[in-house]
Amino acid sequence: MNGPTFTIDGRSVPFTEGQSIIQAAREAGIYIPHLCYHPEFRPHGSCRLCVVEAGGRSVPACSTPAVAGQQVRNRTERLDRMRRTLVELLFVEGNHFCPACPKSGNCKLQAVGYWLRMLDTPFPYLFPRRELDASHHDVLLDRDRCIFCELCVRASREVDRKNLFAIGGKGTRCRLLVNSPDGRLGSSGLSLGDRALQVCPTGALLPRKGAFHVPVGRRLYDGRSIAESDE
Amino acid sequence: MSRRVRIATTSLAGCFGCHTSFLDMDERLLRLAGQVELDRSPLTDRKQIRHCDIGLIEGGLCNSENIELLRRFRACCTTLVALGACAVNGGIPALRNRYTLEECLREAYLEGAGIENPQIPDDPELPRLLENIHPIHELVTVDYSLPGCPPPADAIWALLQDLIAGREPVPPLELIRYD
């Protein structure tokens, strides 16, 4: 193995030219937390969970190329504390009622929270009012659980070739929009096999059938952390 | 130190599921009984709280009585713990925060299915409902939180053992859950 390498937390990581830090880390089996990143899609760089320290700066590992000889720091107390704060903010700005959510146990937002040992938050919960869209026969759009990662937007555009989703509004008024004649999911042409549905990290886009079929204890993140079952 | 650690517990806007999980410590309760003295708690039915080392709060805030009781617990307990999803983030009762209180009362007592003799309860002895459900950290300082609906008995055991021993509680990763 004579290719270029860099280090993550002191461990040598090989990479090929053009790879991002997170791509090289994944191939080396090193978990860098993330929510808006997905290996199938171009990086979005918005959730900031994958921010690492490199070259004296804090940079998103999903959109920063690996550089030979660079020393990257991933698991530092400072970074994990900032990541935990980011996840807390995602929880308080949405409505994440885990005990009543069919995605619970298979939810990346939840699993990242566990991994970062998020137990509570000092922030007040906003309890925003967001519109539920139950107009589709097979799929529920629960905007309460949307974290604006835009994975459905990218998947619908790049894989499904349907361009069904967009994010509209600013700040706390951000909402997932549906590109259909009446703005509702039912008339959008979304189908169960769509990648847009499968890549949602939370329960925002969820098949209506099959909820709670997998018992507690056998769900994706029961008994293993997101670092062990990262996709 | 011979005095046993004194613990008080209460359920505010909760379902007593966290207290049930407390009881799920099963035979470890016998060991706990040797370590602690239960003060005010639904398990003792004691109505007054004395000064306590640890207060376990289940449930969030939904009415004026919850507020009074939480303040009382905070004043009496050296260490206050938010026990379970409702105390930590409002939990299932907070689902009503998307509606106004008036809408909730109309649905529950006037217009919902199968209601006979519709009327909104107005006995002056009833605590006033708050417009929204609040997690307890929005009213008082919380020292530690244990999420979960309910938190597993093992997590409650681990937390209490840490606190009794004077250690900083660090829940094992596998016992952290939000559901």
# chains A, B, ... in the order shown; residues from 1 in each chain; ligands from 1

$ select_by_dssp --residues "region 3-231 of chain A" --states "strand (DSSP E)" --output "ChimeraX atom specification"
/A:5-8,11-14,51-54,57-60,71-73,132-133,139-142,165-168,175-178,205-207

$ write_last_selection --atoms "C-alpha atoms" --output "short mmCIF file (atom, residue, chain, number, x, y, z; two decimals), in the first residue's frame"
data_model
loop_
_atom_site.label_atom_id
_atom_site.label_comp_id
_atom_site.auth_asym_id
_atom_site.auth_seq_id
_atom_site.Cartn_x
_atom_site.Cartn_y
_atom_site.Cartn_z
CA THR A 5 -2.41 8.67 3.55
CA PHE A 6 -3.55 11.09 6.21
CA THR A 7 -4.41 10.49 9.85
CA ILE A 8 -7.65 10.60 11.81
CA ARG A 11 -4.64 6.52 12.89
CA SER A 12 -3.28 6.28 9.36
CA VAL A 13 -5.98 6.37 6.68
CA PRO A 14 -5.31 5.66 2.99
CA VAL A 51 -17.19 18.81 11.18
CA VAL A 52 -13.64 17.74 12.09
CA GLU A 53 -10.49 19.65 12.91
CA ALA A 54 -7.95 19.75 10.10
CA ARG A 57 -9.65 24.81 11.12
CA SER A 58 -13.02 23.21 11.65
CA VAL A 59 -14.16 21.77 8.33
CA PRO A 60 -17.05 19.51 7.24
CA GLN A 71 -3.68 15.34 10.69
CA VAL A 72 -7.45 15.23 11.21
CA ARG A 73 -9.08 15.17 14.61
CA LEU A 132 -49.12 16.77 8.44
CA ASP A 133 -49.72 15.40 4.96
CA VAL A 139 -46.70 7.17 2.47
CA LEU A 140 -47.09 9.58 5.36
CA LEU A 141 -45.33 12.96 5.34
CA ASP A 142 -44.96 14.05 8.95
CA PHE A 165 -39.35 17.82 -2.98
CA ALA A 166 -37.86 21.16 -2.02
CA ILE A 167 -37.23 23.14 1.13
CA GLY A 168 -39.11 26.40 1.37
CA ARG A 175 -40.78 23.46 5.59
CA LEU A 176 -40.48 20.49 3.26
CA LEU A 177 -42.51 21.31 0.16
CA VAL A 178 -44.05 18.82 -2.26
CA LEU A 205 -41.29 10.25 5.09
CA LEU A 206 -42.58 6.89 6.21
CA PRO A 207 -44.43 3.97 4.59
#

$ closest_atom_pairs --of "chain A" --to "chain B" --cutoff "12 Å" --atoms "only C-alpha atoms" --output "JSON lines"
{"residue": "A:Glu88", "atom": "CA", "partner": "B:Asn89", "partner_atom": "CA", "distance": 11.0}
{"residue": "A:Phe91", "atom": "CA", "partner": "B:Asn89", "partner_atom": "CA", "distance": 9.3}
{"residue": "A:Val92", "atom": "CA", "partner": "B:Asn89", "partner_atom": "CA", "distance": 8.6}
{"residue": "A:Glu93", "atom": "CA", "partner": "B:Asn89", "partner_atom": "CA", "distance": 11.9}
{"residue": "A:Gly94", "atom": "CA", "partner": "B:Arg98", "partner_atom": "CA", "distance": 11.7}
{"residue": "A:Asn95", "atom": "CA", "partner": "B:Leu95", "partner_atom": "CA", "distance": 8.5}
{"residue": "A:His96", "atom": "CA", "partner": "B:Gly91", "partner_atom": "CA", "distance": 9.0}
{"residue": "A:Phe97", "atom": "CA", "partner": "B:Gly91", "partner_atom": "CA", "distance": 6.4}
{"residue": "A:Cys98", "atom": "CA", "partner": "B:Asp179", "partner_atom": "CA", "distance": 5.3}
{"residue": "A:Pro99", "atom": "CA", "partner": "B:Asp179", "partner_atom": "CA", "distance": 4.1}
{"residue": "A:Ala100", "atom": "CA", "partner": "B:Ile92", "partner_atom": "CA", "distance": 7.3}
{"residue": "A:Cys101", "atom": "CA", "partner": "B:Asp179", "partner_atom": "CA", "distance": 8.6}
{"residue": "A:Pro102", "atom": "CA", "partner": "B:Asp179", "partner_atom": "CA", "distance": 10.4}
{"residue": "A:Lys103", "atom": "CA", "partner": "B:Asp179", "partner_atom": "CA", "distance": 10.5}
{"residue": "A:Ser104", "atom": "CA", "partner": "B:Asp179", "partner_atom": "CA", "distance": 6.9}
{"residue": "A:Gly105", "atom": "CA", "partner": "B:Asp179", "partner_atom": "CA", "distance": 8.1}
{"residue": "A:Asn106", "atom": "CA", "partner": "B:Asp179", "partner_atom": "CA", "distance": 11.5}
{"residue": "A:Cys107", "atom": "CA", "partner": "B:Tyr178", "partner_atom": "CA", "distance": 10.9}
{"residue": "A:Leu109", "atom": "CA", "partner": "B:Tyr178", "partner_atom": "CA", "distance": 10.9}
{"residue": "A:Gln110", "atom": "CA", "partner": "B:Tyr178", "partner_atom": "CA", "distance": 7.4}
{"residue": "A:Ala111", "atom": "CA", "partner": "B:Arg177", "partner_atom": "CA", "distance": 8.8}
{"residue": "A:Val112", "atom": "CA", "partner": "B:Arg177", "partner_atom": "CA", "distance": 11.2}
{"residue": "A:Gly113", "atom": "CA", "partner": "B:Arg177", "partner_atom": "CA", "distance": 9.1}
{"residue": "A:Tyr114", "atom": "CA", "partner": "B:Ile176", "partner_atom": "CA", "distance": 6.1}
{"residue": "A:Trp115", "atom": "CA", "partner": "B:Leu173", "partner_atom": "CA", "distance": 7.3}
{"residue": "A:Leu116", "atom": "CA", "partner": "B:Leu173", "partner_atom": "CA", "distance": 9.2}
{"residue": "A:Arg117", "atom": "CA", "partner": "B:Leu173", "partner_atom": "CA", "distance": 7.0}
{"residue": "A:Met118", "atom": "CA", "partner": "B:Ile176", "partner_atom": "CA", "distance": 8.4}
{"residue": "A:Leu119", "atom": "CA", "partner": "B:Ser145", "partner_atom": "CA", "distance": 6.0}
{"residue": "A:Asp120", "atom": "CA", "partner": "B:Ser145", "partner_atom": "CA", "distance": 6.2}
{"residue": "A:Thr121", "atom": "CA", "partner": "B:Val88", "partner_atom": "CA", "distance": 8.2}
{"residue": "A:Pro122", "atom": "CA", "partner": "B:His137", "partner_atom": "CA", "distance": 7.2}
{"residue": "A:Phe123", "atom": "CA", "partner": "B:Glu138", "partner_atom": "CA", "distance": 8.3}
{"residue": "A:Pro124", "atom": "CA", "partner": "B:Glu138", "partner_atom": "CA", "distance": 6.4}
{"residue": "A:Tyr125", "atom": "CA", "partner": "B:Asn89", "partner_atom": "CA", "distance": 7.3}
{"residue": "A:Leu126", "atom": "CA", "partner": "B:Asn97", "partner_atom": "CA", "distance": 9.7}
{"residue": "A:Phe127", "atom": "CA", "partner": "B:Asn97", "partner_atom": "CA", "distance": 6.6}
{"residue": "A:Pro128", "atom": "CA", "partner": "B:Arg98", "partner_atom": "CA", "distance": 7.4}
{"residue": "A:Arg129", "atom": "CA", "partner": "B:Arg98", "partner_atom": "CA", "distance": 5.7}
{"residue": "A:Arg130", "atom": "CA", "partner": "B:Arg98", "partner_atom": "CA", "distance": 8.5}
{"residue": "A:Glu131", "atom": "CA", "partner": "B:Arg98", "partner_atom": "CA", "distance": 10.1}
{"residue": "A:Leu132", "atom": "CA", "partner": "B:Arg98", "partner_atom": "CA", "distance": 11.4}
{"residue": "A:Asp144", "atom": "CA", "partner": "B:Arg98", "partner_atom": "CA", "distance": 10.4}
{"residue": "A:Val216", "atom": "CA", "partner": "B:Asp179", "partner_atom": "CA", "distance": 9.7}
{"residue": "A:Gly217", "atom": "CA", "partner": "B:Glu174", "partner_atom": "CA", "distance": 11.3}
{"residue": "A:Tyr221", "atom": "CA", "partner": "B:Glu174", "partner_atom": "CA", "distance": 9.8}
{"residue": "A:Asp222", "atom": "CA", "partner": "B:Glu174", "partner_atom": "CA", "distance": 8.2}
{"residue": "A:Gly223", "atom": "CA", "partner": "B:Glu174", "partner_atom": "CA", "distance": 6.3}
{"residue": "A:Arg224", "atom": "CA", "partner": "B:Glu174", "partner_atom": "CA", "distance": 7.8}
{"residue": "A:Ser225", "atom": "CA", "partner": "B:Glu174", "partner_atom": "CA", "distance": 8.2}
{"residue": "A:Ile226", "atom": "CA", "partner": "B:Leu173", "partner_atom": "CA", "distance": 11.5}

$ residues_around --residues "Thr20 (chain B)" --least-positions-apart "4" --cutoff "10 Å" --atoms "only C-alpha atoms" --output "count of residues only"
6

$ residues_around --residues "Asp230 (chain A)" --least-positions-apart "5" --cutoff "10 Å" --atoms "only C-alpha atoms" --output "ChimeraX atom specification"
/A:26,29-34,38,108,225

$ atom_distance --atom1 "CA of Arg219 (chain A)" --atom2 "CA of Cys200 (chain A)"
16.4 Å

$ select_by_dssp --residues "chain B" --states "helix (DSSP H, G or I)" --output "PyMOL selection string"
chain B and resi 17-23+28-35+64-76+85-89+92-98+101-111+136-138+153-164+173-175

$ residues_around --residues "Ile147 (chain A)" --least-positions-apart "2" --cutoff "8 Å" --atoms "only C-alpha atoms" --output "NGL selection string"
:A and (90 or 94 or 145 or 149 or 202)

$ residues_around --residues "region 66-76 of chain B" --least-positions-apart "5" --cutoff "8 Å" --atoms "only C-alpha atoms" --output "ChimeraX atom specification"
/B:12-13,49-52,55,57,60-61,136,139-141

$ residues_around --residues "region 101-110 of chain B" --least-positions-apart "2" --cutoff "9 Å" --atoms "only C-alpha atoms" --output "list in words"
Arg96, Asn97, Tyr99, Gly112, Ala113, Ile115, Glu116, Asn117, Pro118, Gln119, Ile120, Pro121, Leu129, Leu130, Glu131 and Asn132 of chain B

$ closest_residue --among "B:Ile156, B:Gln161, B:Asp143, B:Phe22" --to "Thr79 (chain B)" --atoms "only C-alpha atoms"
B:Asp143
